[in-house]
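Have a look at work.cif; it's mmCIF, C-alpha atoms:
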```
data_protein
loop_
_atom_site.label_atom_id
_atom_site.label_comp_id
_atom_site.auth_asym_id
_atom_site.auth_seq_id
_atom_site.Cartn_x
_atom_site.Cartn_y
_atom_site.Cartn_z
CA MET A 9 -33.76 5.30 -16.06
CA PRO A 10 -32.07 4.84 -12.65
CA ASP A 11 -30.57 1.53 -13.82
CA LEU A 12 -29.27 3.19 -16.98
CA GLU A 13 -27.75 6.02 -14.93
CA ASN A 14 -26.07 3.51 -12.61
CA ARG A 15 -24.60 1.58 -15.53
CA THR A 16 -23.30 4.80 -17.09
CA MET A 17 -21.75 5.88 -13.77
CA ASN A 18 -20.14 2.47 -13.28
CA GLN A 19 -18.53 2.75 -16.69
CA ARG A 20 -16.75 5.95 -15.56
CA VAL A 21 -15.81 5.09 -11.96
CA ARG A 22 -12.61 3.15 -11.27
CA LEU A 23 -12.98 0.14 -8.98
CA ASN A 24 -10.07 -0.45 -6.59
CA ILE A 25 -8.82 -4.01 -6.13
CA ARG A 26 -6.39 -4.58 -3.25
CA ILE A 27 -4.24 -7.70 -3.53
CA SER A 28 -1.88 -8.77 -0.78
CA ARG A 29 -0.17 -12.13 -0.49
CA ASN A 30 -3.17 -13.74 1.22
CA THR A 31 -6.09 -11.30 0.99
CA LEU A 32 -8.38 -9.69 -1.54
CA ALA A 33 -10.56 -6.62 -1.08
CA PHE A 34 -12.57 -4.29 -3.30
CA ALA A 35 -13.52 -0.65 -2.79
CA VAL A 36 -15.13 2.13 -4.79
CA SER A 37 -16.27 5.71 -4.28
CA ASP A 38 -20.05 5.93 -3.90
CA PRO A 39 -21.66 9.23 -2.82
CA THR A 40 -24.82 7.35 -1.84
CA ALA A 41 -23.01 5.06 0.63
CA VAL A 42 -23.02 5.84 4.37
CA ASN A 43 -19.28 6.55 4.42
CA GLN A 44 -19.10 7.61 0.74
CA VAL A 45 -17.08 4.48 -0.06
CA VAL A 46 -18.21 0.87 -0.48
CA TYR A 47 -15.64 -1.57 0.89
CA GLU A 48 -15.96 -5.32 0.37
CA PRO A 49 -13.25 -7.65 1.71
CA TYR A 50 -13.26 -11.16 0.28
CA ILE A 51 -12.62 -14.25 2.41
CA VAL A 52 -9.84 -16.07 0.58
CA LYS A 53 -10.25 -19.84 0.39
CA SER A 54 -7.18 -21.82 1.36
CA GLY A 55 -5.90 -24.55 -0.93
CA ILE A 56 -6.44 -22.64 -4.18
CA SER A 57 -4.45 -19.82 -5.76
CA LEU A 58 -5.26 -16.14 -5.46
CA ALA A 59 -6.11 -16.16 -9.16
CA ALA A 60 -8.67 -18.91 -8.57
CA ASN A 61 -10.01 -16.99 -5.57
CA LEU A 62 -10.41 -13.88 -7.71
CA ARG A 63 -12.34 -15.86 -10.32
CA GLU A 64 -14.65 -17.04 -7.53
CA ALA A 65 -14.98 -13.46 -6.29
CA PHE A 66 -16.21 -12.32 -9.69
CA ARG A 67 -19.08 -14.76 -9.28
CA GLU A 68 -19.84 -13.95 -5.65
CA CYS A 69 -19.04 -10.31 -4.83
CA ASP A 70 -21.55 -7.52 -5.31
CA LEU A 71 -19.01 -4.87 -6.27
CA LEU A 72 -17.48 -7.03 -8.97
CA ASN A 73 -20.87 -7.48 -10.59
CA ARG A 74 -21.86 -3.84 -10.97
CA GLY A 75 -20.43 -3.50 -14.44
CA TYR A 76 -17.29 -1.47 -13.72
CA GLN A 77 -15.06 -1.26 -16.78
CA ARG A 78 -12.11 0.57 -15.17
CA ALA A 79 -9.99 -0.74 -12.30
CA GLN A 80 -7.04 0.28 -10.21
CA VAL A 81 -5.13 -2.66 -8.73
CA LEU A 82 -3.00 -2.22 -5.61
CA VAL A 83 -0.42 -5.00 -5.58
CA ASP A 84 1.64 -6.11 -2.59
CA SER A 85 4.87 -7.58 -3.93
CA PRO A 86 8.61 -6.92 -3.50
CA VAL A 87 9.50 -3.52 -4.95
CA LEU A 88 12.64 -2.17 -6.57
CA MET A 89 13.07 1.61 -6.49
CA ILE A 90 14.92 3.13 -9.45
CA PRO A 91 15.74 6.86 -9.85
CA ILE A 92 13.68 8.33 -12.69
CA GLN A 93 16.77 9.49 -14.57
CA GLU A 94 18.19 5.95 -14.52
CA PHE A 95 15.00 4.08 -15.41
CA ASP A 96 15.04 2.10 -18.65
CA GLU A 97 11.75 0.31 -19.27
CA THR A 98 13.40 -2.23 -21.58
CA ALA A 99 15.73 -3.32 -18.77
CA LYS A 100 13.25 -3.37 -15.88
CA GLU A 101 12.57 -7.12 -15.97
CA GLN A 102 16.26 -8.01 -15.94
CA LEU A 103 16.98 -5.57 -13.10
CA TYR A 104 13.98 -6.75 -11.08
CA HIS A 105 14.76 -10.45 -11.32
CA HIS A 106 18.43 -9.75 -10.58
CA SER A 107 17.43 -7.87 -7.41
CA VAL A 108 14.42 -9.95 -6.30
CA THR A 109 14.49 -13.74 -6.32
CA GLY A 110 11.60 -16.19 -6.33
CA MET A 111 9.31 -14.11 -8.55
CA GLU A 112 9.34 -16.37 -11.60
CA GLY A 113 5.96 -16.68 -13.30
CA CYS A 114 5.19 -13.03 -12.64
CA VAL A 115 4.65 -10.01 -14.86
CA VAL A 116 6.98 -7.11 -14.00
CA LEU A 117 5.19 -3.76 -13.79
CA HIS A 118 6.22 -0.22 -12.90
CA SER A 119 4.66 2.95 -11.54
CA VAL A 120 6.22 6.40 -11.78
CA LEU A 121 6.46 8.45 -8.56
CA PRO A 122 7.22 11.93 -9.91
CA ASP A 123 7.23 13.69 -6.52
CA LEU A 124 9.89 11.26 -5.32
CA ASN A 125 11.93 11.20 -8.53
CA ALA A 126 11.61 7.41 -8.53
CA VAL A 127 10.01 4.54 -10.40
CA ALA A 128 8.59 1.66 -8.36
CA VAL A 129 9.16 -1.66 -10.14
CA PHE A 130 7.07 -4.55 -8.79
CA SER A 131 5.34 -7.70 -10.02
CA ILE A 132 2.07 -9.60 -10.17
CA ASN A 133 1.34 -13.26 -10.80
CA LYS A 134 0.61 -13.86 -14.50
CA ASP A 135 -2.62 -15.79 -13.88
CA LEU A 136 -3.86 -13.13 -11.49
CA LYS A 137 -3.20 -10.38 -14.03
CA LEU A 138 -4.95 -12.39 -16.74
CA VAL A 139 -8.11 -12.67 -14.62
CA ILE A 140 -8.10 -8.90 -14.07
CA ASP A 141 -7.41 -8.04 -17.72
CA ASP A 142 -10.24 -10.35 -18.80
CA HIS A 143 -12.79 -8.38 -16.76
CA PHE A 144 -11.83 -4.73 -17.32
CA ASP A 145 -11.20 -2.56 -20.36
CA ASP A 146 -8.93 -0.11 -18.54
CA VAL A 147 -6.60 -1.30 -15.75
CA ARG A 148 -4.04 0.69 -13.77
CA PHE A 149 -1.53 -1.15 -11.56
CA VAL A 150 0.20 0.51 -8.60
CA HIS A 151 2.13 -0.80 -5.62
CA LEU A 152 -0.04 -1.28 -2.54
CA VAL A 153 2.10 1.07 -0.40
CA GLN A 154 2.19 3.87 -2.99
CA PRO A 155 -0.55 6.01 -1.35
CA VAL A 156 1.29 5.77 2.01
CA TRP A 157 4.65 6.73 0.49
CA SER A 158 3.07 9.82 -1.04
CA LEU A 159 1.27 10.86 2.14
CA LEU A 160 4.27 10.48 4.43
CA HIS A 161 6.65 12.12 1.98
CA GLN A 162 4.53 15.26 2.40
CA ARG A 163 4.85 14.96 6.18
CA SER A 164 8.64 14.64 5.90
CA HIS A 165 8.87 18.30 4.88
CA THR A 166 7.61 19.52 8.27
CA GLY A 167 10.10 20.34 11.02
CA VAL A 168 13.89 20.19 10.96
CA HIS A 169 14.55 16.69 12.31
CA LYS A 170 14.89 13.49 10.29
CA LYS A 171 11.93 11.12 10.19
CA LEU A 172 11.67 7.35 9.77
CA TYR A 173 8.33 5.70 8.91
CA ALA A 174 7.08 2.18 9.63
CA TYR A 175 3.86 0.90 8.04
CA TYR A 176 2.46 -2.44 9.25
CA HIS A 177 0.05 -4.36 7.01
CA ASP A 178 -0.79 -7.97 6.12
CA LYS A 179 1.88 -9.31 8.52
CA ARG A 180 4.44 -7.22 6.68
CA LEU A 181 6.42 -4.15 7.63
CA GLU A 182 7.41 -1.33 5.31
CA VAL A 183 10.21 0.93 6.59
CA PHE A 184 11.23 4.04 4.66
CA CYS A 185 12.52 7.59 4.92
CA PHE A 186 13.15 10.49 2.59
CA ASP A 187 15.83 13.02 1.80
CA LYS A 188 14.06 16.01 0.28
CA ASN A 189 12.36 14.74 -2.91
CA ARG A 190 13.69 11.21 -3.03
CA PHE A 191 13.83 7.99 -1.05
CA ARG A 192 16.77 7.66 1.30
CA PHE A 193 15.73 4.18 2.46
CA CYS A 194 12.93 1.81 1.45
CA ASN A 195 12.67 -1.82 2.50
CA SER A 196 10.07 -4.39 3.55
CA PHE A 197 10.17 -7.29 5.98
CA ASP A 198 8.03 -10.26 6.95
CA ALA A 199 6.83 -9.24 10.40
CA ALA A 200 4.06 -11.42 11.74
CA HIS A 201 5.61 -11.21 15.22
CA SER A 202 6.02 -8.00 17.20
CA ARG A 203 9.58 -8.79 18.36
CA ASP A 204 10.79 -9.25 14.81
CA ALA A 205 9.05 -6.06 13.67
CA VAL A 206 10.62 -3.96 16.43
CA PHE A 207 14.04 -5.39 15.59
CA PHE A 208 13.66 -4.48 11.91
CA VAL A 209 12.57 -0.92 12.70
CA LEU A 210 15.44 -0.36 15.11
CA TYR A 211 17.90 -1.90 12.65
CA ALA A 212 16.79 0.59 9.98
CA TRP A 213 16.93 3.43 12.55
CA LYS A 214 20.54 2.57 13.37
CA GLN A 215 21.48 2.01 9.72
CA MET A 216 20.19 5.49 8.82
CA GLY A 217 22.21 7.07 11.64
CA MET A 218 19.11 8.55 13.28
CA ASP A 219 19.54 10.60 16.46
CA VAL A 220 17.94 8.93 19.50
CA GLN A 221 17.04 12.21 21.20
CA ASN A 222 15.89 14.42 18.34
CA ASP A 223 14.88 12.43 15.25
CA GLU A 224 11.35 11.10 14.87
CA LEU A 225 9.81 7.67 14.29
CA TYR A 226 6.25 7.43 12.94
CA VAL A 227 4.36 4.12 12.98
CA THR A 228 0.95 3.28 11.57
CA GLY A 229 -1.16 0.42 10.30
CA ASP A 230 -2.03 -2.94 11.84
CA ILE A 231 0.68 -2.96 14.52
CA PRO A 232 1.13 -6.42 16.11
CA ASP A 233 1.01 -6.44 19.92
CA ARG A 234 0.43 -2.72 19.68
CA GLU A 235 1.06 -1.50 23.23
CA TRP A 236 4.16 -3.62 23.72
CA SER A 237 5.57 -2.62 20.33
CA ILE A 238 5.17 1.12 20.95
CA GLU A 239 6.73 0.90 24.42
CA ALA A 240 9.61 -1.21 23.09
CA LEU A 241 10.33 1.35 20.36
CA ARG A 242 10.17 4.19 22.87
CA THR A 243 12.85 2.46 24.92
CA TYR A 244 15.32 3.18 22.12
CA CYS A 245 13.78 6.17 20.32
CA ARG A 246 12.67 9.17 22.33
CA LYS A 247 10.20 10.54 19.77
CA VAL A 248 7.82 7.80 18.63
CA TYR A 249 4.46 8.87 17.18
CA VAL A 250 1.49 6.72 16.16
CA ILE A 251 -0.41 7.98 13.11
CA ASN A 252 -4.13 7.63 13.80
CA PRO A 253 -6.18 7.70 10.55
CA VAL A 254 -9.14 9.44 12.22
CA ALA A 255 -6.96 12.34 13.34
CA GLU A 256 -4.70 12.28 10.28
CA PHE A 257 -7.67 12.59 7.92
CA ASN A 258 -9.75 14.93 10.08
CA ARG A 259 -12.48 12.36 10.78
CA ALA A 260 -13.10 11.66 7.10
CA PRO A 261 -16.04 9.24 6.66
CA VAL A 262 -13.78 6.57 5.14
CA THR A 263 -11.94 6.24 8.48
CA GLN A 264 -15.16 4.86 10.00
CA ILE A 265 -15.16 1.80 7.75
CA LYS A 266 -14.25 -1.15 9.92
CA GLY A 267 -11.29 -3.20 8.73
CA MET A 268 -10.26 -0.94 5.84
CA PRO A 269 -6.44 -0.81 5.64
CA PHE A 270 -4.62 2.50 6.01
CA ASP A 271 -3.35 2.37 2.41
CA LEU A 272 -6.91 2.27 1.03
CA GLN A 273 -8.08 4.99 3.41
CA THR A 274 -5.19 7.15 2.24
CA LEU A 275 -6.04 6.46 -1.38
CA PHE A 276 -9.62 7.70 -1.01
CA VAL A 277 -8.84 10.72 1.16
CA LYS A 278 -5.81 11.95 -0.79
CA GLY A 279 -7.06 11.12 -4.28
CA GLY A 280 -6.88 8.32 -6.80
CA GLY A 281 -9.68 6.22 -5.36
#
```

When written as structure tokens, how does the structure in this file appear?
Amino acid sequence: MPDLENRTMNQRVRLNIRISRNTLAFAVSDPTAVNQVVYEPYIVKSGISLAANLREAFRECDLLNRGYQRAQVLVDSPVLMIPIQEFDETAKEQLYHHSVTGMEGCVVLHSVLPDLNAVAVFSINKDLKLVIDDHFDDVRFVHLVQPVWSLLHQRSHTGVHKKLYAYYHDKRLEVFCFDKNRFRFCNSFDAAHSRDAVFFVLYAWKQMGMDVQNDELYVTGDIPDREWSIEALRTYCRKVYVINPVAEFNRAPVTQIKGMPFDLQTLFVKGGG
């Protein structure tokens, strides 16, 4: 009976698959787990594609062999933001490839962000998507940063000063800000090095016309050369705040899971995991 109950539960629960350019990880809600979530990163083998790595993972990883039939896939790829009122699904591929180069051989996807009056258009490698579709009956694709956009959009409504956000993950940097219920700025940069990352943040700060004395900069994630980066930003921006997941999520159990990225933590705490 317990095995039957587990199989039935696994048919209802949605497994989360996180795909960045060079990493794979899997996570699922589990009330019986110590931190109420099971998180399983996968060590990607160099020399073979991510799709081939995912096929290997289906043979090796415990979570992928529990019989889950539903999955949510968080994809890290270049994103094109389109206002909801201007979005035409039949034209999304043409617009995406016109705006983003080097993404041939990919499937163009989209995710609606109703609270932000925007549609995020992004892509996934065709072979990678085929592996996922072959293993699950019900698959939902979202952009990897989507949980963080939603969380920090809510924060943007507090106070009277403008806010700029910088999220570091997977040697990438996401910089964005909001104007009421829409994106004012949203861009991403390769930022393996702290000096480059600080330059990109300050460039966006200047481009948005932020006030050095009064406006606010929030940073979070896997910040390279953390202490130096924060001090360098504070040289040019008076109000720099680091978002600590433990404090942000009121010591939620998921924040105790070593190595779990902020986007996945946000997903489980704020819903959708």

Contacts between range 200-218 of chain A and range 82-174 of chain A, please, where a residue of range 82-174 of chain A counts if it comes within 8 Å (with all atoms listed in the file); show its shortest atom pair and distance in Å to one decimal, rows by chain and ascending number, as a tab-separated table.
```
residue	atom	partner	partner_atom	distance
A:Lys170	CA	A:Met218	CA	7.2
A:Leu172	CA	A:Trp213	CA	7.1
A:Ala174	CA	A:Val209	CA	7.0
```

Translate the PyMOL selection byres ((chain A and resi 228) around 9) into a concrete residue list for this structure, as a tab-separated table (two decimals) with C-alpha atoms, in the coordinates of the input.
```tsv
chain	number	residue	atom	x	y	z
A	173	TYR	CA	8.33	5.70	8.91
A	174	ALA	CA	7.08	2.18	9.63
A	175	TYR	CA	3.86	0.90	8.04
A	176	TYR	CA	2.46	-2.44	9.25
A	177	HIS	CA	0.05	-4.36	7.01
A	226	TYR	CA	6.25	7.43	12.94
A	227	VAL	CA	4.36	4.12	12.98
A	229	GLY	CA	-1.16	0.42	10.30
A	230	ASP	CA	-2.03	-2.94	11.84
A	231	ILE	CA	0.68	-2.96	14.52
A	249	TYR	CA	4.46	8.87	17.18
A	250	VAL	CA	1.49	6.72	16.16
A	251	ILE	CA	-0.41	7.98	13.11
A	252	ASN	CA	-4.13	7.63	13.80
A	253	PRO	CA	-6.18	7.70	10.55
A	270	PHE	CA	-4.62	2.50	6.01
```

Exercise for the section: Find the residues near Thr98 in chain A: any atom within 12 Å, counting only C-alpha atoms, skip ones fewer than 5 places away on the same chain, and give them as number ranges by chain. Expected result: A: 103-104, 116-118

Discussion item. Show me, as a PyMOL selection string, the residues that have an atom within 12 Å of range 137-140 of chain A when counting all atoms listed in the file, minus same-chain residues fewer than 4 positions from it.
Written reply: chain A and resi 23-27+57-66+72+76-83+113-117+131-133+144-149

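Proximity of A:His105, A:Lys188, A:Arg67, A:His169 to Asp223 in chain A, computed with all atoms listed in the file, is greatest for A:His169.
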
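Between CA of Phe197 in chain A and CA of Leu241 in chain A there is a distance of 16.8 Å.
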